[in-house]
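The structure file run_22.cif is reproduced below (mmCIF, C-alpha atoms and all ligand atoms).
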data_query
loop_
_atom_site.label_atom_id
_atom_site.label_comp_id
_atom_site.auth_asym_id
_atom_site.auth_seq_id
_atom_site.Cartn_x
_atom_site.Cartn_y
_atom_site.Cartn_z
CA MET A 293 -22.46 -49.08 5.63
CA ILE A 294 -23.30 -45.52 4.59
CA PRO A 295 -22.14 -43.06 7.26
CA ASN A 296 -24.56 -41.65 9.78
CA ALA A 297 -23.85 -37.97 10.40
CA PHE A 298 -26.30 -37.87 13.27
CA SER A 299 -24.45 -40.36 15.44
CA VAL A 300 -22.13 -37.75 17.02
CA ARG A 301 -23.02 -36.61 20.51
CA ILE A 302 -22.60 -32.89 21.15
CA SER A 303 -20.37 -32.71 24.23
CA ARG A 304 -18.53 -29.38 23.98
CA PRO A 305 -19.29 -25.74 23.12
CA LEU A 306 -19.97 -25.31 19.41
CA PRO A 307 -17.09 -23.72 17.43
CA LEU A 308 -17.74 -20.47 15.57
CA ASN A 309 -17.23 -20.25 11.81
CA PRO A 310 -15.73 -17.09 10.24
CA ILE A 311 -19.06 -15.30 10.00
CA GLY A 312 -19.92 -16.10 13.57
CA LEU A 313 -22.52 -18.83 13.03
CA GLU A 314 -22.38 -21.97 15.10
CA VAL A 315 -21.16 -25.02 13.21
CA SER A 316 -22.24 -28.22 14.88
CA PRO A 317 -19.77 -31.04 15.54
CA ALA A 318 -22.03 -33.35 13.51
CA LEU A 319 -21.69 -31.07 10.47
CA LYS A 320 -17.91 -30.81 10.89
CA GLU A 321 -17.64 -34.59 11.11
CA SER A 322 -19.80 -34.93 7.99
CA LYS A 323 -17.57 -32.40 6.16
CA THR A 324 -14.44 -34.31 7.20
CA ILE A 325 -15.90 -37.58 5.88
CA GLY A 326 -17.16 -35.62 2.84
CA ALA A 327 -13.66 -34.40 1.94
CA LEU A 328 -12.30 -37.97 2.05
CA LEU A 329 -15.24 -39.69 0.34
CA GLY A 330 -15.43 -36.74 -2.10
CA THR A 331 -11.85 -37.48 -3.19
CA PHE A 332 -12.73 -41.18 -3.57
CA THR A 333 -15.97 -40.52 -5.50
CA GLY A 334 -14.47 -38.01 -7.95
CA ASP A 335 -11.48 -40.29 -8.51
CA ALA A 336 -13.69 -43.32 -9.21
CA LEU A 337 -16.02 -41.38 -11.54
CA GLY A 338 -13.16 -39.93 -13.57
CA MET A 339 -10.85 -42.95 -13.61
CA PRO A 340 -12.33 -44.82 -16.63
CA VAL A 341 -11.85 -41.77 -18.88
CA GLU A 342 -8.47 -40.55 -17.59
CA GLY A 343 -6.55 -39.28 -20.64
CA PHE A 344 -9.65 -38.79 -22.83
CA ASP A 345 -10.11 -35.28 -24.24
CA ILE A 346 -13.48 -33.51 -24.15
CA ASP A 347 -14.51 -34.69 -27.62
CA MET A 348 -13.53 -38.30 -26.93
CA ILE A 349 -15.75 -38.30 -23.82
CA VAL A 350 -18.66 -36.81 -25.76
CA SER A 351 -18.40 -39.29 -28.60
CA ALA A 352 -18.00 -42.31 -26.28
CA TYR A 353 -20.52 -41.42 -23.53
CA GLU A 354 -22.11 -38.05 -24.36
CA GLN A 355 -21.53 -37.22 -20.69
CA VAL A 356 -19.95 -39.18 -17.82
CA ASP A 357 -22.38 -38.97 -14.92
CA THR A 358 -22.54 -42.57 -13.71
CA MET A 359 -19.83 -44.93 -12.46
CA LEU A 360 -18.51 -46.77 -15.52
CA GLU A 361 -16.96 -50.21 -15.78
CA ALA A 362 -13.18 -50.14 -15.49
CA ARG A 363 -10.17 -52.43 -15.38
CA LYS A 364 -10.32 -52.97 -11.60
CA GLY A 365 -14.14 -52.74 -11.54
CA ARG A 366 -16.86 -50.09 -11.33
CA GLY A 367 -16.39 -47.53 -8.53
CA THR A 368 -12.75 -48.41 -7.89
CA TYR A 369 -10.20 -45.83 -6.88
CA THR A 370 -6.71 -45.03 -8.12
CA ASP A 371 -3.43 -43.68 -6.75
CA ASP A 372 -5.18 -40.41 -5.83
CA THR A 373 -7.33 -42.02 -3.13
CA GLN A 374 -4.73 -44.60 -2.13
CA MET A 375 -2.22 -41.86 -1.26
CA MET A 376 -4.93 -39.72 0.40
CA ILE A 377 -5.74 -42.70 2.65
CA ALA A 378 -2.08 -42.89 3.73
CA ILE A 379 -2.06 -39.23 4.80
CA ALA A 380 -5.37 -39.65 6.67
CA GLU A 381 -4.07 -42.76 8.44
CA VAL A 382 -1.03 -40.90 9.75
CA LEU A 383 -2.93 -37.79 10.88
CA SER A 384 -5.68 -39.75 12.58
CA ARG A 385 -3.17 -41.98 14.39
CA CYS A 386 -0.39 -39.50 15.22
CA GLY A 387 -2.36 -36.24 15.48
CA GLU A 388 0.30 -34.43 13.45
CA PHE A 389 1.96 -34.68 10.05
CA GLN A 390 4.96 -37.03 10.15
CA GLY A 391 7.04 -37.39 7.00
CA ALA A 392 8.66 -40.75 7.77
CA GLU A 393 5.34 -42.28 8.84
CA THR A 394 3.59 -40.95 5.71
CA ALA A 395 6.32 -42.41 3.52
CA ARG A 396 5.89 -45.73 5.34
CA CYS A 397 2.13 -45.65 4.68
CA PHE A 398 2.69 -44.78 0.99
CA ILE A 399 4.77 -47.98 0.77
CA LYS A 400 2.33 -50.06 2.88
CA ASN A 401 -0.69 -49.06 0.75
CA PHE A 402 1.07 -49.16 -2.64
CA ASP A 403 -0.77 -51.19 -5.29
CA PRO A 404 0.95 -50.84 -8.69
CA GLU A 405 -2.36 -51.49 -10.46
CA ARG A 406 -3.82 -48.22 -9.17
CA GLY A 407 -2.21 -46.15 -11.96
CA TYR A 408 0.64 -44.22 -10.31
CA GLY A 409 2.60 -41.42 -12.01
CA ARG A 410 6.07 -42.20 -13.35
CA GLY A 411 7.83 -40.00 -10.79
CA ALA A 412 5.75 -41.30 -7.88
CA LEU A 413 6.61 -44.88 -8.81
CA GLU A 414 10.29 -44.06 -8.71
CA VAL A 415 10.05 -42.21 -5.39
CA ILE A 416 8.10 -45.05 -3.75
CA TYR A 417 10.75 -47.47 -4.96
CA ARG A 418 13.50 -45.28 -3.49
CA LEU A 419 11.60 -45.03 -0.18
CA SER A 420 11.21 -48.81 -0.10
CA GLN A 421 15.00 -49.05 -0.52
CA GLY A 422 15.54 -46.95 2.61
CA VAL A 423 16.10 -43.48 1.12
CA PRO A 424 14.85 -40.96 3.76
CA TRP A 425 11.43 -39.35 3.17
CA ASN A 426 12.92 -35.87 2.74
CA LYS A 427 15.50 -37.01 0.18
CA ALA A 428 13.70 -39.52 -2.04
CA GLY A 429 11.84 -36.92 -4.18
CA GLU A 430 14.82 -34.67 -4.82
CA ARG A 431 15.88 -34.04 -8.43
CA MET A 432 12.98 -35.95 -10.02
CA PHE A 433 12.71 -34.62 -13.59
CA GLY A 434 15.79 -32.49 -12.89
CA GLY A 435 14.26 -29.85 -10.63
CA GLY A 436 11.70 -31.94 -8.73
CA SER A 437 8.21 -33.04 -9.80
CA PHE A 438 5.34 -30.59 -10.32
CA GLY A 439 2.90 -33.41 -11.06
CA ASN A 440 -0.51 -33.07 -9.39
CA GLY A 441 0.13 -36.03 -7.07
CA SER A 442 0.97 -33.59 -4.27
CA ALA A 443 -2.47 -31.91 -4.50
CA MET A 444 -4.71 -34.90 -5.34
CA ARG A 445 -4.07 -36.51 -1.92
CA ILE A 446 -4.19 -33.40 0.29
CA ALA A 447 -7.81 -33.47 1.58
CA PRO A 448 -6.96 -34.83 5.07
CA ILE A 449 -4.49 -31.97 5.63
CA GLY A 450 -7.02 -29.38 4.42
CA VAL A 451 -9.64 -30.43 6.96
CA PHE A 452 -7.36 -31.46 9.85
CA PHE A 453 -5.46 -28.13 9.97
CA SER A 454 -8.33 -25.88 8.89
CA ALA A 455 -8.20 -23.90 12.15
CA ASN A 456 -4.43 -23.23 11.97
CA ARG A 457 -3.31 -21.79 8.64
CA ALA A 458 0.43 -21.75 9.41
CA ALA A 459 0.33 -25.43 10.42
CA LEU A 460 -1.73 -26.24 7.33
CA ILE A 461 0.81 -24.65 4.99
CA GLN A 462 3.72 -26.36 6.71
CA ALA A 463 2.03 -29.77 6.59
CA ALA A 464 1.04 -29.30 2.93
CA VAL A 465 4.62 -28.37 1.96
CA ASN A 466 6.11 -31.28 3.93
CA SER A 467 3.62 -33.79 2.54
CA ALA A 468 4.38 -32.62 -1.01
CA ARG A 469 8.11 -32.77 -0.36
CA ILE A 470 8.14 -36.57 -0.10
CA THR A 471 7.46 -36.89 -3.85
CA HIS A 472 7.16 -33.35 -5.31
CA THR A 473 10.03 -30.97 -4.54
CA HIS A 474 9.47 -28.51 -7.41
CA PRO A 475 8.05 -25.17 -6.10
CA LEU A 476 4.98 -25.58 -8.34
CA GLY A 477 4.39 -29.06 -6.88
CA LYS A 478 4.55 -27.71 -3.33
CA GLY A 479 2.51 -24.63 -4.26
CA GLY A 480 -0.26 -26.71 -5.81
CA ALA A 481 -0.53 -28.75 -2.61
CA VAL A 482 -0.73 -25.57 -0.50
CA ILE A 483 -3.39 -23.93 -2.69
CA GLN A 484 -5.55 -27.06 -2.80
CA ALA A 485 -5.18 -27.60 0.97
CA LEU A 486 -6.10 -23.97 1.67
CA ALA A 487 -9.08 -24.17 -0.69
CA ILE A 488 -10.29 -27.31 1.11
CA SER A 489 -9.95 -25.57 4.49
CA LEU A 490 -11.96 -22.57 3.25
CA ALA A 491 -14.65 -24.91 1.89
CA PHE A 492 -14.59 -26.80 5.20
CA GLU A 493 -14.99 -23.62 7.26
CA SER A 494 -17.82 -22.30 5.06
CA ASP A 495 -21.45 -22.61 6.13
CA PRO A 496 -23.28 -24.62 3.44
CA ASP A 497 -26.49 -22.75 4.22
CA VAL A 498 -24.88 -19.39 3.37
CA PRO A 499 -23.97 -18.57 -0.28
CA LEU A 500 -20.22 -18.84 -0.80
CA ASP A 501 -18.38 -15.54 -1.32
CA LYS A 502 -16.37 -16.66 -4.37
CA ALA A 503 -14.38 -13.42 -4.69
CA ALA A 504 -13.27 -13.61 -1.04
CA PHE A 505 -12.45 -17.31 -1.46
CA LEU A 506 -10.16 -16.61 -4.45
CA ALA A 507 -8.65 -13.50 -2.82
CA THR A 508 -7.61 -15.55 0.24
CA LEU A 509 -5.94 -18.14 -2.00
CA LYS A 510 -4.10 -15.43 -3.95
CA GLU A 511 -2.83 -13.83 -0.71
CA HIS A 512 -0.93 -17.03 0.09
CA ILE A 513 0.87 -17.43 -3.24
CA GLU A 514 4.66 -17.29 -2.81
CA PRO A 515 6.84 -15.62 -5.48
CA GLU A 516 8.43 -18.95 -6.45
CA TRP A 517 5.06 -20.37 -7.46
CA ASP A 518 3.52 -17.18 -8.81
CA ALA A 519 2.25 -19.08 -11.91
CA TYR A 520 -0.93 -19.77 -9.91
CA HIS A 521 -1.75 -16.08 -9.62
CA HIS A 522 -2.89 -15.49 -13.19
CA LYS A 523 -4.67 -18.87 -13.24
CA LEU A 524 -6.78 -17.81 -10.26
CA VAL A 525 -7.49 -14.49 -11.98
CA HIS A 526 -8.71 -16.53 -14.96
CA VAL A 527 -10.91 -18.62 -12.63
CA GLN A 528 -12.65 -15.44 -11.44
CA GLU A 529 -13.13 -14.16 -15.01
CA LEU A 530 -14.40 -17.53 -16.22
CA LEU A 531 -17.00 -17.72 -13.45
CA ALA A 532 -18.52 -14.54 -14.90
CA SER A 533 -18.22 -15.63 -18.54
CA GLU A 534 -20.05 -17.99 -20.87
CA LEU A 535 -17.03 -19.85 -22.23
CA ASP A 536 -17.64 -23.50 -23.17
CA LEU A 537 -15.58 -26.41 -21.78
CA HIS A 538 -12.96 -26.09 -24.51
CA GLY A 539 -12.45 -22.39 -23.69
CA VAL A 540 -12.14 -23.11 -19.96
CA VAL A 541 -9.55 -25.84 -20.58
CA ARG A 542 -7.58 -23.59 -22.96
CA LEU A 543 -7.16 -21.05 -20.12
CA LEU A 544 -6.81 -23.29 -17.07
CA GLY A 545 -5.44 -26.58 -18.45
CA ASN A 546 -6.57 -30.14 -17.60
CA ASP A 547 -3.28 -32.03 -17.43
CA VAL A 548 -1.24 -34.03 -14.90
CA THR A 549 0.64 -31.02 -13.53
CA CYS A 550 -0.42 -29.11 -10.43
CA GLN A 551 -0.54 -25.80 -12.29
CA GLY A 552 -2.58 -27.44 -15.08
CA SER A 553 -5.24 -29.00 -12.82
CA VAL A 554 -5.61 -27.40 -9.37
CA PRO A 555 -7.07 -24.12 -10.80
CA LEU A 556 -9.55 -26.14 -12.91
CA ALA A 557 -10.74 -28.12 -9.88
CA ILE A 558 -11.24 -24.89 -7.94
CA TYR A 559 -13.20 -23.46 -10.90
CA CYS A 560 -15.49 -26.54 -11.08
CA PHE A 561 -16.19 -26.30 -7.35
CA LEU A 562 -16.89 -22.56 -7.45
CA LEU A 563 -19.15 -22.97 -10.49
CA HIS A 564 -21.42 -25.29 -8.44
CA PRO A 565 -20.68 -24.66 -4.75
CA GLU A 566 -24.07 -26.01 -3.65
CA ASP A 567 -24.20 -29.14 -5.82
CA PHE A 568 -21.71 -32.01 -5.45
CA ARG A 569 -22.98 -33.90 -8.50
CA ALA A 570 -22.88 -30.87 -10.83
CA ALA A 571 -19.37 -29.85 -9.69
CA VAL A 572 -17.88 -33.32 -10.12
CA VAL A 573 -19.67 -34.06 -13.43
CA THR A 574 -18.32 -30.74 -14.75
CA ALA A 575 -14.81 -31.66 -13.58
CA VAL A 576 -14.75 -35.14 -15.10
CA ASN A 577 -16.21 -34.00 -18.42
CA MET A 578 -13.40 -31.44 -18.83
CA GLY A 579 -11.29 -34.38 -20.02
CA GLY A 580 -7.55 -34.77 -19.51
CA ASP A 581 -6.59 -35.87 -15.99
CA THR A 582 -10.21 -36.70 -15.18
CA ASP A 583 -9.74 -38.90 -12.10
CA THR A 584 -7.54 -36.31 -10.42
CA ILE A 585 -9.56 -33.24 -11.39
CA GLY A 586 -12.66 -35.17 -10.25
CA ALA A 587 -10.94 -36.15 -6.97
CA MET A 588 -9.81 -32.59 -6.17
CA THR A 589 -13.23 -31.12 -7.03
CA GLY A 590 -14.94 -33.85 -4.97
CA ALA A 591 -12.69 -33.04 -1.99
CA LEU A 592 -13.66 -29.36 -2.15
CA SER A 593 -17.37 -30.02 -2.57
CA GLY A 594 -17.45 -32.70 0.15
CA ALA A 595 -15.57 -30.40 2.53
CA ARG A 596 -18.23 -27.71 2.08
CA LEU A 597 -21.41 -29.76 1.81
CA GLY A 598 -20.67 -32.90 3.87
CA TRP A 599 -20.85 -36.52 2.76
CA GLU A 600 -24.67 -36.48 2.52
CA ALA A 601 -24.34 -34.28 -0.60
CA ILE A 602 -22.64 -37.13 -2.48
CA PRO A 603 -25.25 -38.77 -4.73
CA PRO A 604 -26.32 -42.11 -3.20
CA ASP A 605 -25.99 -43.92 -6.55
CA TRP A 606 -22.31 -42.91 -6.65
CA LEU A 607 -21.70 -43.72 -2.96
CA ASN A 608 -23.30 -47.14 -3.30
CA ALA A 609 -21.11 -47.97 -6.30
CA LEU A 610 -17.80 -47.30 -4.51
CA GLU A 611 -15.61 -50.33 -3.90
CA ASN A 612 -16.07 -51.57 -0.37
CA GLY A 613 -13.51 -54.27 0.34
CA ALA A 614 -10.53 -53.69 2.64
CA SER A 615 -9.63 -49.96 2.50
CA GLY A 616 -12.85 -49.25 0.60
CA ARG A 617 -15.85 -47.02 1.33
CA ASP A 618 -16.53 -48.11 4.94
CA TYR A 619 -12.85 -47.91 5.79
CA VAL A 620 -12.54 -44.39 4.37
CA THR A 621 -15.72 -43.34 6.19
CA GLN A 622 -14.32 -44.55 9.52
CA LEU A 623 -11.02 -42.84 8.72
CA GLY A 624 -12.96 -39.59 8.32
CA ARG A 625 -14.60 -40.13 11.72
CA ASP A 626 -11.24 -40.89 13.34
CA LEU A 627 -9.65 -37.85 11.71
CA TYR A 628 -12.41 -35.60 12.98
CA ALA A 629 -12.10 -37.08 16.49
CA LYS A 630 -8.31 -36.64 16.53
CA ALA A 631 -8.60 -33.02 15.37
CA ASN A 632 -11.04 -32.28 18.19
CA ASN A 633 -9.70 -34.25 21.13
N1 LIG B 1 -0.35 -41.88 -13.80
C1 LIG B 1 -1.53 -41.62 -13.97
N2 LIG B 1 -2.18 -41.99 -15.12
C2 LIG B 1 -1.58 -42.69 -16.22
C3 LIG B 1 -1.78 -44.20 -16.07
C4 LIG B 1 -3.16 -44.55 -15.71
C5 LIG B 1 -3.64 -45.72 -16.49
N3 LIG B 1 -5.04 -45.50 -16.78
C6 LIG B 1 -3.45 -46.98 -15.67
O1 LIG B 1 -4.44 -47.42 -15.07
O2 LIG B 1 -2.35 -47.51 -15.62
N4 LIG B 1 -2.28 -40.96 -13.08
C7 LIG B 1 -1.79 -40.53 -11.84
O3 LIG B 1 -0.64 -39.71 -12.06
C8 LIG B 1 -0.96 -38.31 -11.80
C9 LIG B 1 -0.21 -37.89 -10.59
O4 LIG B 1 1.14 -38.04 -10.89
P1 LIG B 1 2.25 -37.71 -9.82
O5 LIG B 1 2.04 -38.53 -8.62
O6 LIG B 1 2.35 -36.26 -9.66
O7 LIG B 1 3.52 -38.28 -10.59
P2 LIG B 1 4.73 -37.57 -11.37
O8 LIG B 1 5.27 -38.59 -12.32
O9 LIG B 1 5.66 -37.01 -10.37
O10 LIG B 1 4.10 -36.33 -12.20
C10 LIG B 1 3.18 -36.58 -13.24
C11 LIG B 1 3.78 -36.18 -14.60
O11 LIG B 1 3.96 -34.77 -14.68
C12 LIG B 1 5.07 -34.48 -15.54
N5 LIG B 1 6.06 -33.73 -14.73
C13 LIG B 1 6.10 -33.60 -13.39
N6 LIG B 1 7.13 -32.82 -13.03
C14 LIG B 1 7.78 -32.44 -14.14
C15 LIG B 1 8.92 -31.63 -14.41
N7 LIG B 1 9.61 -31.04 -13.41
N8 LIG B 1 9.27 -31.44 -15.69
C16 LIG B 1 8.57 -32.04 -16.70
N9 LIG B 1 7.47 -32.82 -16.52
C17 LIG B 1 7.09 -33.03 -15.25
C18 LIG B 1 5.65 -35.84 -15.96
O12 LIG B 1 5.10 -36.21 -17.19
C19 LIG B 1 5.16 -36.75 -14.85
O13 LIG B 1 5.13 -38.13 -15.17
C20 LIG B 1 -2.44 -38.26 -11.58
O14 LIG B 1 -3.09 -38.04 -12.79
C21 LIG B 1 -2.76 -39.64 -11.07
O15 LIG B 1 -4.10 -39.98 -11.33
MG MG B 2 -5.13 -41.53 -10.44
MG MG B 3 -5.04 -38.70 -12.70
#
Would you encode the structure as structure tokens?
Ligand code: F2R
Ligand code: MG
Ligand code: MG
Amino acid sequence: MIPNAFSVRISRPLPLNPIGLEVSPALKESKTIGALLGTFTGDALGMPVEGFDIDMIVSAYEQVDTMLEARKGRGTYTDDTQMMIAIAEVLSRCGEFQGAETARCFIKNFDPERGYGRGALEVIYRLSQGVPWNKAGERMFGGGSFGNGSAMRIAPIGVFFSANRAALIQAAVNSARITHTHPLGKGGAVIQALAISLAFESDPDVPLDKAAFLATLKEHIEPEWDAYHHKLVHVQELLASELDLHGVVRLLGNDVTCQGSVPLAIYCFLLHPEDFRAAVVTAVNMGGDTDTIGAMTGALSGARLGWEAIPPDWLNALENGASGRDYVTQLGRDLYAKANN
């Protein structure tokens, strides 16, 4: 079942977006589903080449722009989407972020074959042994993890709290805290959640003001995770430059850390703010942590453009068993309904 954005009845006054245009409930529902399915699609496209560098991708495939065969099958998702689903389940059921419930859903959904990070595996084990949600991630790697797991799963928080920035930041920090207590791990989750909310609030029929978008993100950087500041300055410079993929990766990174992947995902989205396929193909072909950079770029693009912008050949290839494409689509509908009830 591919989602039908036109099935929502308009029953309340239309909300205003920041430039005063009316944004219909149907579009907001489509954007909510788009953020979730965008995570899923980018994750599934990038998963077969996770860990390849740019040249390895070129020599093996020239360019990755179709869903490739993979260990668990074509169009399957990884830890990125599995953890995102847990956060969406809690928000759509409880109507608020709840740490203990989210930890419970991380355990409930956990499939070790989905390619989890070393630190995440250890935290999920600790949680399953009864360590409280706000203790289990402490002292990972000495000072807490700054892996990008905190940002790859954040799409539901970005859309659910888009109208309340203070609540968004608090929920992003608390959701990161379960597994990622390093300031850069929490900061990456906040920046990605904020970026998703700005994409969500933007009118897809109006060109995106990229400078204002980046300025808003920079305003929210805390001193303890200031490393993102110069990365976002680089994003702005790169958008106006002609650097090739290697040059972009040299400046922004493409690795498994938040600081080495969130800025790259934001760059890929801002390079192609009107084109889901182009943004996500760019992200995946940057190499490195391809599933996660694809997932985060897909979340941003889906939050701006809505699920209909996802290429049908990609959507149709997504796994669709239990907790697959139809399930995630319904989760998006439920999340939208909960945010607006
Ligand atoms: N784990 C993977 N991919 C490898 C296996 C996939 C393989 N294809 C398969 O199918 O089996 N991908 C997933 O992990 C990343 C998200 O990781 P997360 O959840 O943040 O975990 P972790 O372990 O906390 O952090 C990742 C690594 O970052 C480094 N790191 C983190 N904090 C650090 C610190 N304070 N000091 C030093 N290093 C730190 C470590 O190397 C961590 O292991 C995504 O790519 C997801 O797709
Ligand atoms: Mg993954
Ligand atoms: Mg990854």
- prompt: Could you pull the residues within 7 Å of A:Ser437, counting all atoms listed in the file, minus those fewer than 2 positions along the same chain, as a PyMOL selection string?
  reply: chain A and resi 432-433+435+439+472-474+477
*asked:* For A:Leu460, find every residue with an atom within 10 Å (counting all atoms listed in the file), except residues of its own chain fewer than 6 positions away, and show them as a ChimeraX atom specification.
replied: /A:389,449-454,466,482,485-486,489
key: Residue list as a VMD selection string for point (-0.6, -47.5, -9.4), cut-off 12 Å, only C-alpha atoms   = chain A and resid 339 364 369 to 375 398 to 399 401 to 414 416 441
Can you pull out every residue within 8 Å of A:Glu600, counting only C-alpha atoms, but drop anything in the same chain fewer than 2 positions away, and send it as an MDAnalysis selection string? chainID A and resid 322 326 597:598 602:603
Which residues of stretch 427-474 of chain A have any atom within 10 Å of an atom in stretch 582-593 of chain A when counting all atoms listed in the file, and what is the closest pair of atoms for each, with the distance in Å to one decimal? Order the rows by chain and rising number and write it as a tab-separated table.
residue	atom	partner	partner_atom	distance
A:Asn440	CA	A:Thr584	CA	7.8
A:Gly441	CA	A:Thr584	CA	8.4
A:Ala443	CA	A:Met588	CA	7.6
A:Met444	CA	A:Met588	CA	5.7
A:Arg445	CA	A:Met588	CA	8.1
A:Ile446	CA	A:Met588	CA	8.6
A:Ala447	CA	A:Ala591	CA	6.1
A:Pro448	CA	A:Ala591	CA	9.3
A:Gly450	CA	A:Ala591	CA	9.3
A:Val451	CA	A:Ala591	CA	9.8
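Distance annotation: of A:Val525, A:Cys550, A:Ala464, A:Val498, the residue with the minimal separation from ligand MG 3 (chain B) is A:Cys550; atom set is only C-alpha atoms and all ligand atoms.
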Nearest to ligand MG 2 (chain B) among A:Ala614, A:Ala327, A:Ala336, A:Ala570, with distances taken over all atoms listed in the file: which residue is it?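 Looking only at the distances to ligand MG 2 (chain B), the closest residue turns out to be A:Ala336.
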Fill in: Shell around A:Ala487 at 8 Å using all atoms listed in the file, local window under 4 positions removed, as an NGL selection string
:A and (450 or 483 or 491 or 505 or 509 or 558 or 592)
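Of the listed residues (A:Tyr520, A:Tyr619, A:Phe332, A:Tyr628), A:Phe332 comes nearest to ligand MG 2 (chain B); the distances count all atoms listed in the file.
Interatomic distance, atom CA of A:Ser494 against atom CA of A:Leu328: 16.9 Å.
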Requested in this report: Find the residue from A:Ile377, A:Arg457, A:Glu529, A:Val573 that sits nearest to A:Thr508; use all atoms listed in the file when measuring.
Outcome: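 Using all atoms listed in the file, the shortest distance to A:Thr508 belongs to A:Arg457.
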Please check which residues have atoms at most 8 Å from (6.2, -36.8, -0.7) in the file's coordinates, counting only C-alpha atoms, and write them as a PDB file with C-alpha atoms, in the coordinates of the input.
ATOM      1  CA  GLY A 391       7.040 -37.390   7.000  1.00  0.00           C
ATOM      2  CA  ALA A 395       6.320 -42.410   3.520  1.00  0.00           C
ATOM      3  CA  TRP A 425      11.430 -39.350   3.170  1.00  0.00           C
ATOM      4  CA  ASN A 426      12.920 -35.870   2.740  1.00  0.00           C
ATOM      5  CA  GLY A 429      11.840 -36.920  -4.180  1.00  0.00           C
ATOM      6  CA  SER A 442       0.970 -33.590  -4.270  1.00  0.00           C
ATOM      7  CA  ASN A 466       6.110 -31.280   3.930  1.00  0.00           C
ATOM      8  CA  SER A 467       3.620 -33.790   2.540  1.00  0.00           C
ATOM      9  CA  ALA A 468       4.380 -32.620  -1.010  1.00  0.00           C
ATOM     10  CA  ARG A 469       8.110 -32.770  -0.360  1.00  0.00           C
ATOM     11  CA  ILE A 470       8.140 -36.570  -0.100  1.00  0.00           C
ATOM     12  CA  THR A 471       7.460 -36.890  -3.850  1.00  0.00           C
ATOM     13  CA  HIS A 472       7.160 -33.350  -5.310  1.00  0.00           C
ATOM     14  CA  THR A 473      10.030 -30.970  -4.540  1.00  0.00           C
TER      15      THR A 473
END
Atom CA of A:Leu610 sits from atom CA of A:Val576 at a separation of 16.4 Å
Residue contacts of A:His521 (12 Å, only C-alpha atoms) excluding same-chain residues fewer than 5 positions away, as a list in words |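 In the requested form, the answer reads Leu476, Gly479, Gly480, Ile483, Leu506, Ala507, Thr508, Leu509, Lys510, Glu511, His512, Ile513, Glu514, Pro515, Glu516, His526, Val527, Gln528, Leu544, Gln551, Val554 and Pro555 of chain A.
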Of A:Ala519, A:Leu500, A:Leu383, A:Leu329, the one nearest to A:Pro475 when counting all atoms listed in the file is A:Ala519
Ligand MG 3 (chain B) proximity check over A:Ile488, A:Leu524, A:Val548, A:Ala601, using all atoms listed in the file: winner is A:Val548
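Picture a line from atom CA of A:Val315 to atom CA of A:Ser615; it runs 29.5 Å.
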